[in-house]
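Before any comments, here is the structure.
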Amino acid sequence: MGMVRPSRSGNRLLRARRGSRGLGKVSRDASSADGQGGIDVVTFGCRLNTYESEVMKAEATKAGLNGAILFNTCAVTGEAVRQARQAIRKARRENPEIRIIVTGCAAQTDAAGFAAMPEVDAVLGNEEKLRSESYRALPDFGISSEEKVRVNDIMSVTETAPQMVGHLDGHVRGFIQVQNGCDHRCTFCIIPFGRGNSRSVPMGAVVEQARKLAENGYREVVLTGVDATSYGADLPGEPTLGLLAKTLLKQVPEILRLRLSSIDSIEVDRHLLDLIAEEPRFMPHLHLSLQHGDDLILKRMKRRHSRADALKFVSHVKQLRPGMSFGADMIAGFPTETEEMAANSARLAEEIGISQLHVFPYSPRPDTPAARMPQLDRRLVKERAARLRETAEKLQARHLAAMVGTRQTVLVEMSGMAHTENFALVATPGFQPRDLVTVTITGHNGRHLDIQPASASAA
């Protein structure tokens, strides 16, 4: 994860792939095999970063940049930052003449640290990375670390301009940025300082982006944002995420499947609940930003929901849509966490029946309140994370077992795998990327579902 594979020449560039647990996974870009240079992007982190990487590449190309690797970093954990630095060093060793540009949340929050790396030629902020003029003004080699930096105050940014992306390299699902930034200040989180305050993309621009993706053959769209459920509070009329999704599906009937990235259940609006209950094109899977299962830890995290709130929301959604599945993020080893508090997270995951649990060992981020709280021993943090992952594996296997014998509609991806409507992973040998097919589930291996190719028919 997050590693740059060897290239055969100094000019052969690299392509980012989505990795597990939010870290980047990199593979060679066949389009650069001629050794003539080009631009490529190594992406770490969230779906929003994946989307923005396509914007970056387009803007850098428009600016005339050539022979460069753009690193789009993540700051959500210390491990994500470490892996980015490691990948940058490896890229320089294997591509000594290439230009290396670093951007993303880690670069926004520690511009000086990345500029001080001898492997780095320039550092761009999260706002600057989306503008072609930033790439036209890049410095030459050999200048001081201060002159490498093009990072402005992200808190001064008050709008998110719509970015038109008609194709996402290596993806069969289309991502659309609807929101950026966050107005909340969870005690463990550095992301608001990398992304700024919450700001929304106007509804018309989102619909136009969806229409463009549909015209280019994308059947499934994912709406992404840092705090997507806060969408619209800064726009005239204060439209909500649910209203945006309703409007998109009405005006772009060619979109057959709609998903949301991670949501904060406490912000879910009535329009979104209507979609869950009534709209078959709204996929029956929600990824919840839970973070913990103990009320005292949730309070110390400065989360806005309680354990009871989470259970109530899930119960209500299951009544509206009995087939709904749930993913979630949880942090293990938060400061002051006791054994009983840690067990409460596992119990909450079991009570909800989470099918995909992403577990993050707590990582103190610079200048956050949680970093000043009494810390747990790192070995204990890792041990608790491992135990919570064992619960996650058990719950995933239980979810997959319940799907054996059912018929599912799946969208085949570039990897030869596919996702069901409730986002379970399926091995789909013999099908082509972007195929939307109905299959019969014959078994599972604890991580993905299996089918018999002969049982499949066109959807």
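FYI, nothing fancy with the structure tokens labels: chains A, B, ... in order, residues from 1 per chain, ligands from 1 as they appear.
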Kindly assemble as JSON lines a list of the segment 317-381 of chain A residues that lie within 12 Å of segment 296-312 of chain A, each paired with its nearest atom pair and their distance in Å to one decimal, using only C-alpha atoms, sorted first by chain and then by ascending residue number.
```
{"residue": "A:Val317", "atom": "CA", "partner": "A:Lys312", "partner_atom": "CA", "distance": 8.7}
{"residue": "A:Lys318", "atom": "CA", "partner": "A:Lys312", "partner_atom": "CA", "distance": 10.0}
{"residue": "A:Gln319", "atom": "CA", "partner": "A:Lys312", "partner_atom": "CA", "distance": 10.8}
{"residue": "A:Phe326", "atom": "CA", "partner": "A:Ala310", "partner_atom": "CA", "distance": 11.5}
{"residue": "A:Ala328", "atom": "CA", "partner": "A:Ala310", "partner_atom": "CA", "distance": 11.0}
{"residue": "A:Met330", "atom": "CA", "partner": "A:Leu298", "partner_atom": "CA", "distance": 10.9}
{"residue": "A:Ile331", "atom": "CA", "partner": "A:Met301", "partner_atom": "CA", "distance": 10.3}
{"residue": "A:Ala332", "atom": "CA", "partner": "A:Ile297", "partner_atom": "CA", "distance": 10.6}
{"residue": "A:Gly333", "atom": "CA", "partner": "A:Ile297", "partner_atom": "CA", "distance": 10.2}
{"residue": "A:Phe334", "atom": "CA", "partner": "A:Ile297", "partner_atom": "CA", "distance": 7.6}
{"residue": "A:Pro335", "atom": "CA", "partner": "A:Ile297", "partner_atom": "CA", "distance": 8.5}
{"residue": "A:Thr336", "atom": "CA", "partner": "A:Ile297", "partner_atom": "CA", "distance": 7.9}
{"residue": "A:Glu337", "atom": "CA", "partner": "A:Ile297", "partner_atom": "CA", "distance": 6.9}
{"residue": "A:Thr338", "atom": "CA", "partner": "A:Ile297", "partner_atom": "CA", "distance": 9.6}
{"residue": "A:Glu340", "atom": "CA", "partner": "A:Ile297", "partner_atom": "CA", "distance": 11.2}
{"residue": "A:Met341", "atom": "CA", "partner": "A:Ile297", "partner_atom": "CA", "distance": 7.5}
{"residue": "A:Ala342", "atom": "CA", "partner": "A:Ile297", "partner_atom": "CA", "distance": 9.4}
{"residue": "A:Asn344", "atom": "CA", "partner": "A:Arg307", "partner_atom": "CA", "distance": 9.2}
{"residue": "A:Ser345", "atom": "CA", "partner": "A:Arg307", "partner_atom": "CA", "distance": 9.3}
{"residue": "A:Arg347", "atom": "CA", "partner": "A:Arg307", "partner_atom": "CA", "distance": 10.5}
{"residue": "A:Leu348", "atom": "CA", "partner": "A:Arg307", "partner_atom": "CA", "distance": 7.6}
{"residue": "A:Ala349", "atom": "CA", "partner": "A:Leu311", "partner_atom": "CA", "distance": 9.9}
{"residue": "A:Glu350", "atom": "CA", "partner": "A:Leu311", "partner_atom": "CA", "distance": 10.9}
{"residue": "A:Glu351", "atom": "CA", "partner": "A:Leu311", "partner_atom": "CA", "distance": 7.9}
{"residue": "A:Ile352", "atom": "CA", "partner": "A:Leu311", "partner_atom": "CA", "distance": 6.7}
{"residue": "A:Gly353", "atom": "CA", "partner": "A:Leu311", "partner_atom": "CA", "distance": 10.5}
{"residue": "A:Ile354", "atom": "CA", "partner": "A:Leu311", "partner_atom": "CA", "distance": 11.5}
{"residue": "A:Tyr362", "atom": "CA", "partner": "A:Met301", "partner_atom": "CA", "distance": 11.4}
{"residue": "A:Thr368", "atom": "CA", "partner": "A:Met301", "partner_atom": "CA", "distance": 10.6}
{"residue": "A:Pro369", "atom": "CA", "partner": "A:Met301", "partner_atom": "CA", "distance": 8.9}
{"residue": "A:Ala370", "atom": "CA", "partner": "A:Met301", "partner_atom": "CA", "distance": 7.5}
{"residue": "A:Ala371", "atom": "CA", "partner": "A:Met301", "partner_atom": "CA", "distance": 11.1}
{"residue": "A:Arg372", "atom": "CA", "partner": "A:Arg300", "partner_atom": "CA", "distance": 11.9}
{"residue": "A:Met373", "atom": "CA", "partner": "A:Arg300", "partner_atom": "CA", "distance": 9.5}
{"residue": "A:Pro374", "atom": "CA", "partner": "A:Arg300", "partner_atom": "CA", "distance": 11.7}
```
Written selection (C-alpha atoms) as a PDB file, in the first residue's frame:
```pdb
ATOM      1  CA  VAL A 317     -33.398   2.988   8.207  1.00  0.00           C
ATOM      2  CA  LYS A 318     -33.840  -0.781   8.405  1.00  0.00           C
ATOM      3  CA  GLN A 319     -37.574  -0.244   8.805  1.00  0.00           C
ATOM      4  CA  PHE A 326     -24.012  -0.528   6.785  1.00  0.00           C
ATOM      5  CA  ALA A 328     -18.612   2.333   9.340  1.00  0.00           C
ATOM      6  CA  MET A 330     -14.170   3.344  14.052  1.00  0.00           C
ATOM      7  CA  ILE A 331     -11.094   4.457  15.950  1.00  0.00           C
ATOM      8  CA  ALA A 332      -9.414   2.061  18.395  1.00  0.00           C
ATOM      9  CA  GLY A 333      -7.206   3.167  21.270  1.00  0.00           C
ATOM     10  CA  PHE A 334      -8.448   6.739  21.659  1.00  0.00           C
ATOM     11  CA  PRO A 335      -6.849   8.534  24.658  1.00  0.00           C
ATOM     12  CA  THR A 336      -8.371   7.494  28.027  1.00  0.00           C
ATOM     13  CA  GLU A 337     -10.122   4.473  26.437  1.00  0.00           C
ATOM     14  CA  THR A 338     -10.555   1.608  28.912  1.00  0.00           C
ATOM     15  CA  GLU A 340     -14.811  -1.671  28.739  1.00  0.00           C
ATOM     16  CA  MET A 341     -14.970   1.350  26.448  1.00  0.00           C
ATOM     17  CA  ALA A 342     -13.133  -0.573  23.726  1.00  0.00           C
ATOM     18  CA  ASN A 344     -18.461  -1.050  23.634  1.00  0.00           C
ATOM     19  CA  SER A 345     -17.225  -0.335  20.111  1.00  0.00           C
ATOM     20  CA  ARG A 347     -20.705  -4.419  20.806  1.00  0.00           C
ATOM     21  CA  LEU A 348     -22.094  -1.491  18.810  1.00  0.00           C
ATOM     22  CA  ALA A 349     -20.722  -2.951  15.568  1.00  0.00           C
ATOM     23  CA  GLU A 350     -22.414  -6.258  16.397  1.00  0.00           C
ATOM     24  CA  GLU A 351     -25.729  -4.647  17.383  1.00  0.00           C
ATOM     25  CA  ILE A 352     -25.855  -2.681  14.137  1.00  0.00           C
ATOM     26  CA  GLY A 353     -24.640  -5.662  12.103  1.00  0.00           C
ATOM     27  CA  ILE A 354     -21.980  -3.666  10.286  1.00  0.00           C
ATOM     28  CA  TYR A 362      -5.759   6.125  17.032  1.00  0.00           C
ATOM     29  CA  THR A 368      -5.393  18.601  17.887  1.00  0.00           C
ATOM     30  CA  PRO A 369      -6.968  18.516  21.382  1.00  0.00           C
ATOM     31  CA  ALA A 370      -6.826  14.712  21.533  1.00  0.00           C
ATOM     32  CA  ALA A 371      -3.061  14.803  21.068  1.00  0.00           C
ATOM     33  CA  ARG A 372      -2.856  16.627  24.423  1.00  0.00           C
ATOM     34  CA  MET A 373      -4.977  14.040  26.248  1.00  0.00           C
ATOM     35  CA  PRO A 374      -3.409  11.137  28.212  1.00  0.00           C
TER      36      PRO A 374
END
```
Find the spatial neighbours of Asp121 of chain A, counting only C-alpha atoms, within a cut-off of 7 Å - ignore same-chain residues fewer than 5 positions away - and output them as an mmCIF file with all heavy atoms, in the first residue's frame.
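Everything below was put into out_5.cif:
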```
data_model
loop_
_atom_site.group_PDB
_atom_site.id
_atom_site.type_symbol
_atom_site.label_atom_id
_atom_site.label_comp_id
_atom_site.auth_asym_id
_atom_site.auth_seq_id
_atom_site.Cartn_x
_atom_site.Cartn_y
_atom_site.Cartn_z
ATOM 1 N N ARG A 99 10.070 15.508 -12.256
ATOM 2 C CA ARG A 99 9.661 16.550 -11.306
ATOM 3 C C ARG A 99 8.618 15.977 -10.355
ATOM 4 O O ARG A 99 7.650 15.361 -10.797
ATOM 5 C CB ARG A 99 9.086 17.750 -12.060
ATOM 6 C CG ARG A 99 8.567 18.848 -11.144
ATOM 7 C CD ARG A 99 8.261 20.108 -11.911
ATOM 8 N NE ARG A 99 9.481 20.772 -12.321
ATOM 9 C CZ ARG A 99 9.510 21.932 -12.977
ATOM 10 N NH1 ARG A 99 8.398 22.537 -13.319
ATOM 11 N NH2 ARG A 99 10.654 22.480 -13.304
ATOM 12 N N ILE A 100 8.808 16.174 -9.060
ATOM 13 C CA ILE A 100 7.888 15.658 -8.045
ATOM 14 C C ILE A 100 7.188 16.820 -7.347
ATOM 15 O O ILE A 100 7.835 17.706 -6.781
ATOM 16 C CB ILE A 100 8.628 14.781 -7.012
ATOM 17 C CG1 ILE A 100 9.097 13.487 -7.687
ATOM 18 C CG2 ILE A 100 7.722 14.460 -5.824
ATOM 19 C CD1 ILE A 100 9.855 12.544 -6.779
ATOM 20 N N ILE A 101 5.859 16.806 -7.425
ATOM 21 C CA ILE A 101 5.021 17.856 -6.833
ATOM 22 C C ILE A 101 4.126 17.204 -5.787
ATOM 23 O O ILE A 101 3.482 16.190 -6.063
ATOM 24 C CB ILE A 101 4.171 18.545 -7.914
ATOM 25 C CG1 ILE A 101 5.097 19.157 -8.976
ATOM 26 C CG2 ILE A 101 3.251 19.602 -7.313
ATOM 27 C CD1 ILE A 101 4.438 19.337 -10.315
ATOM 28 N N PHE A 141 14.307 23.618 -10.562
ATOM 29 C CA PHE A 141 15.074 22.830 -9.610
ATOM 30 C C PHE A 141 16.095 23.697 -8.867
ATOM 31 O O PHE A 141 16.548 24.716 -9.360
ATOM 32 C CB PHE A 141 15.830 21.713 -10.350
ATOM 33 C CG PHE A 141 14.937 20.653 -10.895
ATOM 34 C CD1 PHE A 141 14.629 20.619 -12.240
ATOM 35 C CD2 PHE A 141 14.403 19.689 -10.062
ATOM 36 C CE1 PHE A 141 13.800 19.623 -12.751
ATOM 37 C CE2 PHE A 141 13.577 18.688 -10.558
ATOM 38 C CZ PHE A 141 13.278 18.660 -11.906
ATOM 39 N N LYS A 148 9.593 26.786 -2.801
ATOM 40 C CA LYS A 148 8.887 25.624 -3.343
ATOM 41 C C LYS A 148 7.401 25.668 -3.042
ATOM 42 O O LYS A 148 6.610 24.988 -3.693
ATOM 43 C CB LYS A 148 9.439 24.332 -2.737
ATOM 44 C CG LYS A 148 10.838 23.940 -3.123
ATOM 45 C CD LYS A 148 11.169 22.611 -2.433
ATOM 46 C CE LYS A 148 12.567 22.141 -2.725
ATOM 47 N NZ LYS A 148 12.839 20.836 -2.060
#
```
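Closest approach to Leu436 of chain A among A:His399, A:His184, A:Arg365, A:Arg173: A:Arg173, based on only C-alpha atoms.
Taking atom CA of Cys46 of chain A and atom CA of Thr73 of chain A as endpoints, the distance between them is 9.7 Å.
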Nearby residues (only C-alpha atoms) at most 12 Å from Thr247 of chain A, same-chain spacing under 6 positions excluded, as an MDAnalysis selection string: chainID A and resid 203:208 210:211 239:241 253 255 258 271:272 275
Same residues, N, CA and C atoms, saved as a short mmCIF file (atom, residue, chain, number, x, y, z; two decimals), in the first residue's frame:
```cif
data_model
loop_
_atom_site.label_atom_id
_atom_site.label_comp_id
_atom_site.auth_asym_id
_atom_site.auth_seq_id
_atom_site.Cartn_x
_atom_site.Cartn_y
_atom_site.Cartn_z
N MET A 203 -26.13 23.11 -6.84
CA MET A 203 -26.86 21.93 -7.28
C MET A 203 -26.81 21.75 -8.79
N GLY A 204 -26.98 22.83 -9.54
CA GLY A 204 -26.97 22.74 -11.00
C GLY A 204 -25.68 22.19 -11.54
N ALA A 205 -24.56 22.57 -10.92
CA ALA A 205 -23.25 22.08 -11.37
C ALA A 205 -23.10 20.59 -11.09
N VAL A 206 -23.65 20.12 -9.97
CA VAL A 206 -23.59 18.69 -9.66
C VAL A 206 -24.40 17.89 -10.68
N VAL A 207 -25.59 18.38 -11.00
CA VAL A 207 -26.43 17.69 -11.98
C VAL A 207 -25.74 17.65 -13.34
N GLU A 208 -25.12 18.75 -13.73
CA GLU A 208 -24.42 18.80 -15.02
C GLU A 208 -23.25 17.82 -15.04
N ALA A 210 -23.10 15.01 -13.31
CA ALA A 210 -23.70 13.67 -13.41
C ALA A 210 -24.11 13.38 -14.85
N ARG A 211 -24.67 14.37 -15.51
CA ARG A 211 -25.09 14.19 -16.91
C ARG A 211 -23.87 13.88 -17.79
N PRO A 239 -30.39 24.06 0.32
CA PRO A 239 -30.79 22.71 -0.09
C PRO A 239 -30.00 21.67 0.70
N THR A 240 -30.54 20.49 0.84
CA THR A 240 -29.88 19.43 1.60
C THR A 240 -29.29 18.38 0.66
N LEU A 241 -28.50 17.49 1.23
CA LEU A 241 -27.92 16.40 0.44
C LEU A 241 -29.01 15.52 -0.15
N PRO A 253 -31.90 10.55 -15.66
CA PRO A 253 -32.44 9.18 -15.53
C PRO A 253 -31.46 8.11 -16.00
N ILE A 255 -28.50 7.68 -15.00
CA ILE A 255 -27.77 7.16 -13.84
C ILE A 255 -28.63 6.07 -13.20
N LEU A 258 -27.00 5.17 -7.53
CA LEU A 258 -26.46 6.32 -6.82
C LEU A 258 -26.04 5.91 -5.42
N HIS A 271 -35.45 14.30 3.08
CA HIS A 271 -35.38 13.94 1.67
C HIS A 271 -34.52 12.69 1.48
N LEU A 272 -33.44 12.60 2.23
CA LEU A 272 -32.59 11.42 2.13
C LEU A 272 -33.33 10.18 2.65
N LEU A 275 -35.58 8.96 -0.05
CA LEU A 275 -34.86 8.20 -1.07
C LEU A 275 -34.61 6.78 -0.61
#
```
Which residues come within 8 Å of Glu128 of chain A, counting only C-alpha atoms, excluding same-chain residues fewer than 6 positions away, as a list of chain:residue names? A:Ser134, A:Arg150, A:Val151, A:Asn152
Would you write out those residues with C-alpha atoms, as a short mmCIF file (atom, residue, chain, number, x, y, z; two decimals), in the first residue's frame?
```
data_model
loop_
_atom_site.label_atom_id
_atom_site.label_comp_id
_atom_site.auth_asym_id
_atom_site.auth_seq_id
_atom_site.Cartn_x
_atom_site.Cartn_y
_atom_site.Cartn_z
CA SER A 134 -0.53 26.82 -10.12
CA ARG A 150 2.37 27.48 -3.02
CA VAL A 151 0.03 26.99 -0.07
CA ASN A 152 -2.47 29.63 1.00
#
```
As number ranges by chain, please: every residue in segment 73-318 of chain A that a backbone DSSP assignment puts in alpha helix (DSSP H). A: 78-94, 105-109, 111-115, 132-136, 191-195, 203-215, 241-251, 270-278, 295-301, 307-318
Please dump the current selection as a short mmCIF file (atom, residue, chain, number, x, y, z; two decimals), in the first residue's frame; keep C-alpha atoms.
```
data_model
loop_
_atom_site.label_atom_id
_atom_site.label_comp_id
_atom_site.auth_asym_id
_atom_site.auth_seq_id
_atom_site.Cartn_x
_atom_site.Cartn_y
_atom_site.Cartn_z
CA GLY A 78 0.30 9.51 10.89
CA GLU A 79 0.71 6.26 8.95
CA ALA A 80 -0.83 7.84 5.83
CA VAL A 81 1.71 10.67 6.03
CA ARG A 82 4.61 8.24 6.60
CA GLN A 83 3.60 6.15 3.59
CA ALA A 84 3.39 9.24 1.39
CA ARG A 85 6.91 10.30 2.37
CA GLN A 86 8.17 6.78 1.74
CA ALA A 87 6.55 6.69 -1.71
CA ILE A 88 8.02 10.11 -2.60
CA ARG A 89 11.55 8.96 -1.70
CA LYS A 90 11.13 5.75 -3.69
CA ALA A 91 9.81 7.65 -6.71
CA ARG A 92 12.86 9.94 -6.67
CA ARG A 93 15.30 7.01 -6.47
CA GLU A 94 13.67 5.36 -9.46
CA CYS A 105 -4.11 17.37 3.08
CA ALA A 106 -0.69 16.36 4.42
CA ALA A 107 0.96 19.02 2.25
CA GLN A 108 -1.62 21.63 3.32
CA THR A 109 -1.02 20.98 7.02
CA ALA A 111 3.93 22.38 3.76
CA ALA A 112 7.33 23.21 5.28
CA GLY A 113 7.98 19.57 6.16
CA PHE A 114 7.40 18.37 2.61
CA ALA A 115 9.26 21.33 1.10
CA SER A 132 -3.98 25.30 -13.94
CA GLU A 133 -2.15 28.54 -13.11
CA SER A 134 -0.53 26.82 -10.12
CA TYR A 135 1.25 24.43 -12.46
CA ARG A 136 2.32 27.21 -14.83
CA ILE A 191 -8.79 17.43 8.27
CA PRO A 192 -10.56 20.81 8.75
CA PHE A 193 -7.10 22.41 8.79
CA GLY A 194 -6.30 20.68 5.51
CA ARG A 195 -9.67 21.30 3.86
CA MET A 203 -26.86 21.93 -7.28
CA GLY A 204 -26.97 22.74 -11.00
CA ALA A 205 -23.25 22.08 -11.37
CA VAL A 206 -23.59 18.69 -9.66
CA VAL A 207 -26.43 17.69 -11.98
CA GLU A 208 -24.42 18.80 -15.02
CA GLN A 209 -21.45 16.74 -13.83
CA ALA A 210 -23.70 13.67 -13.41
CA ARG A 211 -25.09 14.19 -16.91
CA LYS A 212 -21.57 14.34 -18.33
CA LEU A 213 -20.58 11.11 -16.58
CA ALA A 214 -23.74 9.39 -17.83
CA GLU A 215 -22.96 10.47 -21.40
CA LEU A 241 -27.92 16.40 0.44
CA GLY A 242 -31.14 14.42 0.14
CA LEU A 243 -32.76 17.08 -2.03
CA LEU A 244 -29.65 17.20 -4.21
CA ALA A 245 -29.75 13.42 -4.67
CA LYS A 246 -33.47 13.50 -5.51
CA THR A 247 -32.92 16.23 -8.08
CA LEU A 248 -29.98 14.44 -9.68
CA LEU A 249 -31.89 11.17 -10.11
CA LYS A 250 -34.91 13.01 -11.55
CA GLN A 251 -32.92 15.07 -14.04
CA ARG A 270 -36.05 13.91 5.42
CA HIS A 271 -35.38 13.94 1.67
CA LEU A 272 -32.59 11.42 2.13
CA LEU A 273 -34.89 9.22 4.22
CA ASP A 274 -37.46 9.44 1.42
CA LEU A 275 -34.86 8.20 -1.07
CA ILE A 276 -33.90 5.32 1.19
CA ALA A 277 -37.54 4.25 1.47
CA GLU A 278 -38.76 4.86 -2.08
CA ASP A 295 -20.66 7.58 25.01
CA LEU A 296 -17.86 9.05 27.13
CA ILE A 297 -15.30 8.58 24.35
CA LEU A 298 -17.75 10.04 21.83
CA LYS A 299 -18.06 13.08 24.10
CA ARG A 300 -14.28 13.38 24.40
CA MET A 301 -14.05 13.10 20.61
CA ARG A 307 -24.50 5.41 20.97
CA ALA A 308 -28.30 5.51 21.28
CA ASP A 309 -28.53 7.97 18.38
CA ALA A 310 -26.62 5.58 16.12
CA LEU A 311 -28.78 2.61 17.06
CA LYS A 312 -31.98 4.62 16.59
CA PHE A 313 -30.91 5.81 13.14
CA VAL A 314 -29.97 2.32 11.97
CA SER A 315 -33.22 0.85 13.30
CA HIS A 316 -35.25 3.52 11.48
CA VAL A 317 -33.40 2.99 8.21
CA LYS A 318 -33.84 -0.78 8.40
#
```
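Compared by their closest atoms to Gln452 of chain A, and using only C-alpha atoms, the residues A:Val426, A:Leu124, A:Val359, A:Ala75 rank with A:Val426 nearest.
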So that I can see what lies close to Gly174 of chain A, please list as an MDAnalysis selection string the residues with an atom at most 12 Å from it, counting only C-alpha atoms and leaving out residues fewer than 2 positions away in the same chain. chainID A and resid 47:48 50:51 54 164:172 176:177 209:224 255:261 413 434
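Distances to Glu127 of chain A were evaluated for A:Asp40, A:Asp183, A:Glu52, A:Asp227 using only C-alpha atoms, and the minimum falls at A:Glu52.
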